[in-house]
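Chemist: Sharing run_21.tsv (TSV, C-alpha atoms) below.
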```tsv
chain	number	residue	atom	x	y	z
A	25	MET	CA	-11.87	-26.24	0.50
A	26	VAL	CA	-14.13	-23.20	0.82
A	27	ASN	CA	-16.45	-25.33	2.96
A	28	SER	CA	-13.89	-25.45	5.73
A	29	LEU	CA	-13.58	-21.65	5.88
A	30	LYS	CA	-15.65	-19.51	8.20
A	31	VAL	CA	-16.10	-15.80	8.76
A	32	GLY	CA	-13.64	-14.68	11.41
A	33	ASP	CA	-10.85	-17.06	10.36
A	34	ARG	CA	-7.61	-15.12	10.61
A	35	ALA	CA	-3.91	-15.48	9.82
A	36	THR	CA	-1.04	-13.15	10.70
A	37	ILE	CA	2.67	-12.69	10.08
A	38	THR	CA	5.18	-10.33	11.67
A	39	ILE	CA	8.27	-9.37	9.71
A	40	THR	CA	10.97	-6.71	9.59
A	41	PHE	CA	12.16	-5.37	6.24
A	42	SER	CA	15.81	-4.37	6.23
A	43	GLU	CA	17.74	-2.27	3.74
A	44	VAL	CA	18.76	-5.47	1.95
A	45	GLU	CA	15.18	-6.37	1.04
A	46	ILE	CA	14.39	-2.80	0.02
A	47	PHE	CA	17.23	-2.75	-2.49
A	48	GLN	CA	16.37	-6.23	-3.79
A	49	PHE	CA	12.72	-5.28	-4.21
A	50	ALA	CA	13.74	-2.08	-6.02
A	51	GLU	CA	15.73	-4.15	-8.50
A	52	ILE	CA	13.13	-6.79	-9.31
A	53	SER	CA	10.12	-4.46	-9.33
A	54	THR	CA	11.95	-1.57	-11.10
A	55	ASP	CA	10.63	0.69	-8.32
A	56	ARG	CA	13.83	2.63	-7.59
A	57	ASN	CA	12.00	5.62	-6.11
A	58	PRO	CA	14.64	7.51	-4.08
A	59	LEU	CA	12.14	7.80	-1.22
A	60	HIS	CA	13.04	4.17	-0.51
A	61	LEU	CA	16.71	4.05	-1.53
A	62	ASP	CA	18.33	7.43	-0.96
A	63	LYS	CA	19.03	8.49	2.63
A	64	ASP	CA	19.27	12.20	1.84
A	65	PHE	CA	16.09	12.14	-0.22
A	66	GLY	CA	14.29	10.28	2.56
A	67	ARG	CA	15.52	12.75	5.17
A	68	ALA	CA	14.18	15.68	3.13
A	69	SER	CA	10.85	13.93	2.54
A	70	ILE	CA	7.62	14.38	4.43
A	71	PHE	CA	8.58	11.24	6.41
A	72	GLY	CA	12.01	12.46	7.52
A	73	GLN	CA	13.59	9.14	6.49
A	74	ARG	CA	13.50	6.44	3.84
A	75	VAL	CA	10.46	4.18	4.00
A	76	VAL	CA	9.67	0.65	2.87
A	77	HIS	CA	7.86	0.31	-0.48
A	78	GLY	CA	4.14	0.08	0.28
A	79	MET	CA	3.70	-2.64	-2.33
A	80	LEU	CA	6.36	-4.75	-0.66
A	81	VAL	CA	4.56	-4.50	2.67
A	82	ALA	CA	1.26	-5.26	0.93
A	83	SER	CA	2.79	-8.41	-0.52
A	84	LEU	CA	2.54	-9.90	2.95
A	85	PHE	CA	-1.22	-10.14	2.34
A	86	SER	CA	-0.57	-12.11	-0.84
A	87	GLY	CA	1.71	-14.47	1.07
A	88	LEU	CA	-0.79	-15.05	3.87
A	89	ILE	CA	-3.57	-15.68	1.37
A	90	GLY	CA	-1.60	-18.03	-0.86
A	91	MET	CA	0.06	-19.96	1.91
A	92	GLU	CA	-2.25	-19.91	4.91
A	93	LEU	CA	-5.75	-18.54	4.48
A	94	PRO	CA	-7.34	-19.78	2.28
A	95	GLY	CA	-3.93	-21.30	1.37
A	96	SER	CA	-2.76	-23.29	-1.66
A	97	GLY	CA	-5.12	-23.02	-4.60
A	98	SER	CA	-6.10	-19.44	-3.79
A	99	ILE	CA	-6.49	-17.29	-6.88
A	100	TYR	CA	-6.15	-13.57	-6.22
A	101	LEU	CA	-9.05	-11.69	-7.85
A	102	GLY	CA	-8.61	-8.29	-6.28
A	103	GLN	CA	-6.98	-6.21	-3.58
A	104	SER	CA	-7.69	-2.69	-2.36
A	105	LEU	CA	-4.95	-0.89	-0.47
A	106	SER	CA	-5.09	2.29	1.57
A	107	PHE	CA	-1.64	3.40	2.65
A	108	LYS	CA	-2.27	5.13	5.99
A	109	ALA	CA	1.22	5.57	7.43
A	110	PRO	CA	4.81	4.85	6.39
A	111	VAL	CA	6.79	1.77	7.41
A	112	SER	CA	10.36	2.43	8.48
A	113	ILE	CA	13.24	0.21	7.46
A	114	ASP	CA	14.06	-2.23	10.32
A	115	GLU	CA	10.64	-1.66	11.94
A	116	PRO	CA	8.58	-4.80	12.64
A	117	VAL	CA	5.18	-4.89	10.93
A	118	THR	CA	2.34	-7.33	11.43
A	119	ALA	CA	0.05	-8.18	8.53
A	120	SER	CA	-3.25	-9.97	9.03
A	121	VAL	CA	-5.98	-11.33	6.80
A	122	GLU	CA	-9.43	-12.18	8.14
A	123	VAL	CA	-12.34	-13.78	6.32
A	124	ILE	CA	-15.25	-11.33	6.36
A	125	LYS	CA	-17.51	-12.75	3.63
A	126	ILE	CA	-18.01	-16.12	1.94
A	127	ARG	CA	-20.18	-16.24	-1.17
A	128	GLU	CA	-22.77	-18.96	-1.24
A	129	ASP	CA	-23.02	-19.23	-5.01
A	130	LYS	CA	-19.30	-19.35	-5.85
A	131	PRO	CA	-16.07	-20.34	-4.03
A	132	ILE	CA	-15.13	-16.70	-3.55
A	133	VAL	CA	-14.19	-15.14	-0.23
A	134	THR	CA	-13.49	-11.58	0.89
A	135	LEU	CA	-10.83	-10.91	3.50
A	136	ARG	CA	-10.07	-7.78	5.48
A	137	THR	CA	-6.35	-7.08	5.11
A	138	VAL	CA	-4.62	-4.91	7.69
A	139	CYS	CA	-1.01	-4.17	8.50
A	140	ILE	CA	0.04	-2.49	11.74
A	141	ASN	CA	3.42	-1.27	12.93
A	142	SER	CA	5.18	-1.99	16.21
A	143	VAL	CA	3.16	0.58	18.17
A	144	GLY	CA	-0.18	-0.59	16.79
A	145	THR	CA	-0.70	2.11	14.17
A	146	THR	CA	-2.47	0.90	11.05
A	147	VAL	CA	-0.11	1.36	8.13
A	148	ILE	CA	-2.13	-0.36	5.39
A	149	GLU	CA	-5.73	-1.45	5.26
A	150	GLY	CA	-7.94	-2.86	2.56
A	151	GLU	CA	-9.75	-5.93	1.32
A	152	ALA	CA	-8.82	-8.92	-0.77
A	153	VAL	CA	-11.12	-11.00	-2.96
A	154	VAL	CA	-9.96	-14.55	-3.53
A	155	LYS	CA	-11.23	-17.55	-5.47
A	156	VAL	CA	-10.60	-20.88	-3.80
A	157	THR	CA	-9.69	-23.75	-6.13
A	158	THR	CA	-8.42	-27.26	-5.61
A	159	PRO	CA	-5.42	-27.73	-7.90
A	160	ASN	CA	-5.92	-31.41	-8.70
A	161	GLN	CA	-9.49	-30.76	-9.82
A	162	HIS	CA	-7.93	-29.28	-12.93
A	163	GLU	CA	-5.63	-32.11	-13.84
A	164	ASN	CA	-6.40	-33.92	-17.07
B	3	MET	CA	4.74	20.01	-9.15
B	4	VAL	CA	1.07	19.11	-9.37
B	5	ASN	CA	0.57	22.25	-11.48
B	6	SER	CA	2.57	20.73	-14.31
B	7	LEU	CA	0.37	17.61	-14.43
B	8	LYS	CA	-2.64	17.31	-16.68
B	9	VAL	CA	-5.36	14.75	-17.21
B	10	GLY	CA	-4.23	12.33	-19.89
B	11	ASP	CA	-0.55	12.38	-18.92
B	12	ARG	CA	0.70	8.82	-19.22
B	13	ALA	CA	3.80	6.73	-18.51
B	14	THR	CA	4.50	3.11	-19.43
B	15	ILE	CA	7.07	0.40	-18.89
B	16	THR	CA	7.46	-3.02	-20.50
B	17	ILE	CA	9.27	-5.74	-18.60
B	18	THR	CA	9.62	-9.51	-18.52
B	19	PHE	CA	9.76	-11.33	-15.19
B	20	SER	CA	11.93	-14.43	-15.24
B	21	GLU	CA	12.11	-17.28	-12.77
B	22	VAL	CA	14.98	-15.49	-11.03
B	23	GLU	CA	12.83	-12.52	-10.05
B	24	ILE	CA	9.95	-14.77	-8.98
B	25	PHE	CA	12.15	-16.65	-6.54
B	26	GLN	CA	13.75	-13.43	-5.25
B	27	PHE	CA	10.34	-11.84	-4.75
B	28	ALA	CA	9.12	-14.96	-2.93
B	29	GLU	CA	12.03	-14.65	-0.52
B	30	ILE	CA	11.72	-10.98	0.32
B	31	SER	CA	7.93	-10.84	0.43
B	32	THR	CA	7.53	-14.24	2.19
B	33	ASP	CA	5.00	-15.12	-0.55
B	34	ARG	CA	6.21	-18.64	-1.33
B	35	ASN	CA	2.86	-19.77	-2.75
B	36	PRO	CA	3.65	-22.90	-4.82
B	37	LEU	CA	1.49	-21.50	-7.64
B	38	HIS	CA	4.48	-19.27	-8.39
B	39	LEU	CA	7.38	-21.53	-7.44
B	40	ASP	CA	6.46	-25.17	-8.01
B	41	LYS	CA	6.25	-26.41	-11.61
B	42	ASP	CA	4.08	-29.42	-10.81
B	43	PHE	CA	1.72	-27.35	-8.67
B	44	GLY	CA	1.45	-24.74	-11.43
B	45	ARG	CA	0.77	-27.41	-14.05
B	46	ALA	CA	-2.09	-28.81	-11.95
B	47	SER	CA	-3.52	-25.36	-11.30
B	48	ILE	CA	-6.32	-23.63	-13.19
B	49	PHE	CA	-3.60	-21.80	-15.17
B	50	GLY	CA	-1.77	-24.93	-16.31
B	51	GLN	CA	1.58	-23.41	-15.35
B	52	ARG	CA	3.29	-21.29	-12.71
B	53	VAL	CA	2.38	-17.60	-12.82
B	54	VAL	CA	4.06	-14.39	-11.72
B	55	HIS	CA	2.95	-13.00	-8.32
B	56	GLY	CA	0.22	-10.43	-9.00
B	57	MET	CA	1.69	-8.10	-6.41
B	58	LEU	CA	5.06	-8.15	-8.16
B	59	VAL	CA	3.43	-7.17	-11.45
B	60	ALA	CA	1.42	-4.49	-9.65
B	61	SER	CA	4.64	-3.07	-8.24
B	62	LEU	CA	5.32	-1.74	-11.73
B	63	PHE	CA	2.61	0.85	-11.04
B	64	SER	CA	4.43	1.93	-7.90
B	65	GLY	CA	7.65	2.29	-9.88
B	66	LEU	CA	6.05	4.37	-12.63
B	67	ILE	CA	4.35	6.61	-10.07
B	68	GLY	CA	7.42	7.13	-7.90
B	69	MET	CA	9.88	7.59	-10.71
B	70	GLU	CA	8.00	9.05	-13.66
B	71	LEU	CA	4.45	10.22	-13.17
B	72	PRO	CA	4.04	12.18	-10.94
B	73	GLY	CA	7.67	11.15	-10.11
B	74	SER	CA	9.90	11.93	-7.12
B	75	GLY	CA	7.98	13.20	-4.13
B	76	SER	CA	4.92	11.07	-4.89
B	77	ILE	CA	3.30	9.65	-1.76
B	78	TYR	CA	1.16	6.58	-2.42
B	79	LEU	CA	-2.22	6.97	-0.72
B	80	GLY	CA	-4.08	4.07	-2.26
B	81	GLN	CA	-4.23	1.45	-4.98
B	82	SER	CA	-7.03	-0.78	-6.16
B	83	LEU	CA	-6.12	-3.90	-8.09
B	84	SER	CA	-8.30	-6.24	-10.09
B	85	PHE	CA	-6.38	-9.30	-11.24
B	86	LYS	CA	-8.03	-10.20	-14.55
B	87	ALA	CA	-5.67	-12.75	-16.06
B	88	PRO	CA	-2.43	-14.49	-15.11
B	89	VAL	CA	1.04	-13.38	-16.18
B	90	SER	CA	3.34	-16.16	-17.33
B	91	ILE	CA	7.00	-16.30	-16.40
B	92	ASP	CA	9.14	-14.93	-19.28
B	93	GLU	CA	6.11	-13.18	-20.83
B	94	PRO	CA	6.52	-9.44	-21.50
B	95	VAL	CA	4.00	-7.22	-19.74
B	96	THR	CA	3.35	-3.51	-20.19
B	97	ALA	CA	2.20	-1.42	-17.24
B	98	SER	CA	0.79	2.06	-17.70
B	99	VAL	CA	-0.38	4.83	-15.42
B	100	GLU	CA	-2.53	7.70	-16.69
B	101	VAL	CA	-3.71	10.78	-14.84
B	102	ILE	CA	-7.52	10.75	-14.79
B	103	LYS	CA	-8.28	13.27	-12.04
B	104	ILE	CA	-6.48	16.17	-10.36
B	105	ARG	CA	-8.01	17.61	-7.20
B	106	GLU	CA	-8.27	21.37	-7.09
B	107	ASP	CA	-8.21	21.71	-3.31
B	108	LYS	CA	-5.26	19.44	-2.57
B	109	PRO	CA	-2.18	18.15	-4.44
B	110	ILE	CA	-3.79	14.75	-4.94
B	111	VAL	CA	-4.13	12.96	-8.26
B	112	THR	CA	-5.88	9.78	-9.37
B	113	LEU	CA	-4.32	7.59	-12.02
B	114	ARG	CA	-5.77	4.71	-13.99
B	115	THR	CA	-3.36	1.80	-13.69
B	116	VAL	CA	-3.45	-0.96	-16.29
B	117	CYS	CA	-1.18	-3.83	-17.15
B	118	ILE	CA	-1.50	-5.77	-20.41
B	119	ASN	CA	0.29	-8.86	-21.66
B	120	SER	CA	2.03	-9.40	-24.98
B	121	VAL	CA	-1.20	-10.08	-26.87
B	122	GLY	CA	-2.99	-7.05	-25.44
B	123	THR	CA	-5.08	-8.82	-22.80
B	124	THR	CA	-5.59	-6.77	-19.65
B	125	VAL	CA	-4.02	-8.67	-16.77
B	126	ILE	CA	-4.41	-6.06	-14.01
B	127	GLU	CA	-6.49	-2.92	-13.80
B	128	GLY	CA	-7.23	-0.46	-11.06
B	129	GLU	CA	-6.63	3.06	-9.83
B	130	ALA	CA	-3.96	4.74	-7.77
B	131	VAL	CA	-4.36	7.80	-5.57
B	132	VAL	CA	-1.18	9.78	-5.04
B	133	LYS	CA	-0.21	12.89	-3.09
B	134	VAL	CA	2.38	15.07	-4.80
B	135	THR	CA	4.95	16.67	-2.51
B	136	THR	CA	8.15	18.56	-3.09
B	137	PRO	CA	10.80	16.99	-0.85
B	138	ASN	CA	12.75	20.16	-0.05
B	139	GLN	CA	9.57	21.88	1.15
B	140	HIS	CA	9.94	19.73	4.23
B	141	GLU	CA	13.55	20.49	5.06
B	142	ASN	CA	14.17	22.40	8.28
```
Show me, as structure tokens, the structure contained in the file I just sent.

Modeler:
Amino acid sequence: MVNSLKVGDRATITITFSEVEIFQFAEISTDRNPLHLDKDFGRASIFGQRVVHGMLVASLFSGLIGMELPGSGSIYLGQSLSFKAPVSIDEPVTASVEVIKIREDKPIVTLRTVCINSVGTTVIEGEAVVKVTTPNQHEN
Amino acid sequence: MVNSLKVGDRATITITFSEVEIFQFAEISTDRNPLHLDKDFGRASIFGQRVVHGMLVASLFSGLIGMELPGSGSIYLGQSLSFKAPVSIDEPVTASVEVIKIREDKPIVTLRTVCINSVGTTVIEGEAVVKVTTPNQHEN
């Protein structure tokens, strides 16, 4: 599968997180930080409003990697995340992953992972390292 | 607030992710990778079973940081994640964050972030960088 990948390959997704997803994510992740859930707390914060959990936004990278590029069989080895700006609730964000390095000795690729908001500001940037496997190679 | 922190301060949480949370996380994050959702796909994978989304497990760090250490007013600046081993569904995992560096010039702290499984194997490790703010400092 890694043979079909090339540097520059890219996948993107645009999504809007609403209050519903924020509260659901808070429940399942246990991250009930009031910065995300409490309107008054958000208003008094450095952002002036509640913001979407950074790790929820960053999960878009995981989805793109596992479902599109490299796709099924991807094994996440690492992810660096730099949170550059907040994401507002109900604000569209676009996440992208782009192959920037393919190892020759092992089926391991590095992808640049970037998320921008609706006005083009980078909200998250980083890199992912992914091992590419073929599931049925491992069947007995 | 940063004045009350010291190197070595530590917070932990132990939690078990069930199939319910995996499917909910898949919906809200758009990460519907069959490695997490499809029993047959998981069985044929290198792990021999479905595994919990790494980003969901890593969200435990975000929760500890935003709610306990440093706590409310924490602004996530960065997170590195190295996924060392898979987390099984219904397997207890323990996440911990520990202050390893406090900047003298700015209210910014670095925390070691580690997650271990029920037999003590490290499943995720990395570092978080967090800015410590006091919400009401920003009120008009």

Chemist: Would you please work out which residue, of B:Lys108, B:Arg52, B:Arg34, B:Lys103, is nearest to chain A when using only C-alpha atoms?

Modeler: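 Looking at the shortest contact to chain A, the residue is B:Arg34.
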
Chemist: Between B:Glu100, B:Glu70, B:Asp11, B:Glu21, which is the closest to A:Asp55 once you count all atoms listed in the file?

Modeler: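 Ranking B:Glu100, B:Glu70, B:Asp11, B:Glu21 by distance to A:Asp55, first place goes to B:Glu70.
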
Chemist: Using all C-alpha atoms paired in order, least-squares fit chain A onto chain B and give me the moved copy as a tab-separated table (two decimals) with C-alpha atoms, keeping the file's coordinate frame.

Modeler:
```
chain	number	residue	atom	x	y	z
A	25	MET	CA	4.73	20.03	-9.11
A	26	VAL	CA	1.04	19.14	-9.36
A	27	ASN	CA	0.58	22.27	-11.47
A	28	SER	CA	2.57	20.75	-14.29
A	29	LEU	CA	0.37	17.63	-14.42
A	30	LYS	CA	-2.63	17.32	-16.69
A	31	VAL	CA	-5.36	14.76	-17.21
A	32	GLY	CA	-4.24	12.35	-19.90
A	33	ASP	CA	-0.55	12.39	-18.92
A	34	ARG	CA	0.70	8.83	-19.22
A	35	ALA	CA	3.79	6.73	-18.51
A	36	THR	CA	4.49	3.12	-19.43
A	37	ILE	CA	7.06	0.39	-18.88
A	38	THR	CA	7.45	-3.02	-20.50
A	39	ILE	CA	9.26	-5.75	-18.60
A	40	THR	CA	9.63	-9.52	-18.51
A	41	PHE	CA	9.76	-11.33	-15.18
A	42	SER	CA	11.93	-14.44	-15.24
A	43	GLU	CA	12.12	-17.30	-12.77
A	44	VAL	CA	14.99	-15.51	-11.02
A	45	GLU	CA	12.83	-12.53	-10.05
A	46	ILE	CA	9.96	-14.78	-8.99
A	47	PHE	CA	12.16	-16.65	-6.53
A	48	GLN	CA	13.75	-13.43	-5.24
A	49	PHE	CA	10.34	-11.84	-4.74
A	50	ALA	CA	9.12	-14.96	-2.93
A	51	GLU	CA	12.02	-14.66	-0.51
A	52	ILE	CA	11.73	-10.97	0.34
A	53	SER	CA	7.92	-10.84	0.43
A	54	THR	CA	7.52	-14.25	2.19
A	55	ASP	CA	5.00	-15.12	-0.55
A	56	ARG	CA	6.21	-18.66	-1.33
A	57	ASN	CA	2.86	-19.78	-2.75
A	58	PRO	CA	3.65	-22.90	-4.82
A	59	LEU	CA	1.48	-21.51	-7.63
A	60	HIS	CA	4.48	-19.28	-8.38
A	61	LEU	CA	7.40	-21.54	-7.43
A	62	ASP	CA	6.47	-25.18	-8.01
A	63	LYS	CA	6.26	-26.41	-11.61
A	64	ASP	CA	4.09	-29.43	-10.80
A	65	PHE	CA	1.73	-27.36	-8.67
A	66	GLY	CA	1.47	-24.76	-11.43
A	67	ARG	CA	0.79	-27.43	-14.05
A	68	ALA	CA	-2.07	-28.84	-11.96
A	69	SER	CA	-3.50	-25.37	-11.31
A	70	ILE	CA	-6.31	-23.64	-13.14
A	71	PHE	CA	-3.61	-21.82	-15.16
A	72	GLY	CA	-1.77	-24.95	-16.33
A	73	GLN	CA	1.59	-23.41	-15.35
A	74	ARG	CA	3.29	-21.29	-12.72
A	75	VAL	CA	2.40	-17.61	-12.84
A	76	VAL	CA	4.07	-14.40	-11.72
A	77	HIS	CA	2.96	-13.01	-8.33
A	78	GLY	CA	0.23	-10.45	-9.02
A	79	MET	CA	1.68	-8.09	-6.42
A	80	LEU	CA	5.04	-8.16	-8.16
A	81	VAL	CA	3.43	-7.17	-11.45
A	82	ALA	CA	1.41	-4.49	-9.65
A	83	SER	CA	4.63	-3.06	-8.26
A	84	LEU	CA	5.32	-1.73	-11.73
A	85	PHE	CA	2.60	0.85	-11.05
A	86	SER	CA	4.42	1.93	-7.90
A	87	GLY	CA	7.64	2.30	-9.87
A	88	LEU	CA	6.03	4.37	-12.62
A	89	ILE	CA	4.35	6.61	-10.07
A	90	GLY	CA	7.41	7.14	-7.90
A	91	MET	CA	9.86	7.59	-10.71
A	92	GLU	CA	7.99	9.05	-13.67
A	93	LEU	CA	4.44	10.23	-13.16
A	94	PRO	CA	4.05	12.18	-10.94
A	95	GLY	CA	7.66	11.16	-10.10
A	96	SER	CA	9.89	11.93	-7.11
A	97	GLY	CA	7.96	13.20	-4.12
A	98	SER	CA	4.91	11.08	-4.89
A	99	ILE	CA	3.30	9.66	-1.78
A	100	TYR	CA	1.17	6.58	-2.42
A	101	LEU	CA	-2.23	6.98	-0.71
A	102	GLY	CA	-4.10	4.09	-2.27
A	103	GLN	CA	-4.23	1.47	-4.99
A	104	SER	CA	-7.05	-0.78	-6.17
A	105	LEU	CA	-6.13	-3.90	-8.10
A	106	SER	CA	-8.31	-6.24	-10.11
A	107	PHE	CA	-6.38	-9.29	-11.25
A	108	LYS	CA	-8.04	-10.20	-14.56
A	109	ALA	CA	-5.67	-12.75	-16.07
A	110	PRO	CA	-2.42	-14.50	-15.11
A	111	VAL	CA	1.05	-13.39	-16.19
A	112	SER	CA	3.35	-16.17	-17.33
A	113	ILE	CA	7.00	-16.31	-16.38
A	114	ASP	CA	9.13	-14.93	-19.27
A	115	GLU	CA	6.11	-13.18	-20.82
A	116	PRO	CA	6.52	-9.44	-21.50
A	117	VAL	CA	3.99	-7.21	-19.73
A	118	THR	CA	3.36	-3.52	-20.19
A	119	ALA	CA	2.20	-1.42	-17.25
A	120	SER	CA	0.79	2.07	-17.69
A	121	VAL	CA	-0.39	4.84	-15.42
A	122	GLU	CA	-2.53	7.71	-16.70
A	123	VAL	CA	-3.71	10.79	-14.83
A	124	ILE	CA	-7.51	10.76	-14.79
A	125	LYS	CA	-8.29	13.28	-12.03
A	126	ILE	CA	-6.49	16.18	-10.36
A	127	ARG	CA	-8.02	17.63	-7.20
A	128	GLU	CA	-8.27	21.38	-7.10
A	129	ASP	CA	-8.21	21.72	-3.33
A	130	LYS	CA	-5.26	19.43	-2.56
A	131	PRO	CA	-2.18	18.14	-4.46
A	132	ILE	CA	-3.79	14.75	-4.93
A	133	VAL	CA	-4.13	12.97	-8.26
A	134	THR	CA	-5.89	9.79	-9.36
A	135	LEU	CA	-4.33	7.59	-12.02
A	136	ARG	CA	-5.78	4.72	-13.99
A	137	THR	CA	-3.36	1.80	-13.69
A	138	VAL	CA	-3.47	-0.96	-16.29
A	139	CYS	CA	-1.18	-3.83	-17.17
A	140	ILE	CA	-1.51	-5.77	-20.41
A	141	ASN	CA	0.29	-8.86	-21.66
A	142	SER	CA	2.03	-9.40	-24.98
A	143	VAL	CA	-1.20	-10.08	-26.88
A	144	GLY	CA	-2.99	-7.05	-25.45
A	145	THR	CA	-5.07	-8.82	-22.80
A	146	THR	CA	-5.59	-6.78	-19.65
A	147	VAL	CA	-4.01	-8.66	-16.77
A	148	ILE	CA	-4.41	-6.07	-14.01
A	149	GLU	CA	-6.48	-2.93	-13.81
A	150	GLY	CA	-7.23	-0.45	-11.08
A	151	GLU	CA	-6.63	3.06	-9.83
A	152	ALA	CA	-3.97	4.75	-7.78
A	153	VAL	CA	-4.36	7.80	-5.56
A	154	VAL	CA	-1.19	9.79	-5.04
A	155	LYS	CA	-0.21	12.89	-3.09
A	156	VAL	CA	2.37	15.07	-4.80
A	157	THR	CA	4.95	16.67	-2.51
A	158	THR	CA	8.16	18.57	-3.08
A	159	PRO	CA	10.81	17.00	-0.85
A	160	ASN	CA	12.79	20.14	-0.07
A	161	GLN	CA	9.65	21.91	1.13
A	162	HIS	CA	9.97	19.76	4.21
A	163	GLU	CA	13.56	20.46	5.06
A	164	ASN	CA	14.19	22.32	8.29
```

Chemist: Nearest to B:Ala46 among A:Asn141, A:Ser96, A:Gly102, A:Thr146, with distances taken over all atoms listed in the file: which residue is it?

Modeler: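 Closest candidate: A:Ser96.
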
Chemist: So which one's closest to chain A, B:Gln26, B:Thr135, B:Ser6, B:Ser84? Using all atoms listed in the file, please.

Modeler: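 Answer, going by the shortest atom-to-atom distance: B:Ser84.
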
Chemist: Select residues of chain B: the criterion is any atom within 8 Å of an atom of chain A, counting only C-alpha atoms; output as a PyMOL selection string.

Modeler: chain B and resi 23+26-27+30-37+43+45-48+56-62+64-66+68-69+74-75+78-86+135-141

Chemist: What's the separation between atom CA of B:Leu39 and atom CA of B:Val54, in Å to one decimal place?

Modeler: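 Result for atom CA of B:Leu39 versus atom CA of B:Val54: 9.0 Å, one decimal.
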
Chemist: May I ask for the distance between atom CA of A:Val117 and atom CA of A:Leu93, given in Å to one decimal place?

Modeler: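 Interatomic distance here is 18.6 Å.
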
Chemist: One decimal, Å: what's the distance from atom CA of A:Ser112 over to atom CA of A:Thr40, could you say?

Modeler: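 Distance reported for this atom pair: 9.2 Å.
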
Chemist: Just give me the residues with any atom within 10 Å of (-2.0, 20.5, -8.0), file coordinates, counting all atoms listed in the file, written as a PyMOL selection string.

Modeler: chain B and resi 3-8+104-111+133-135
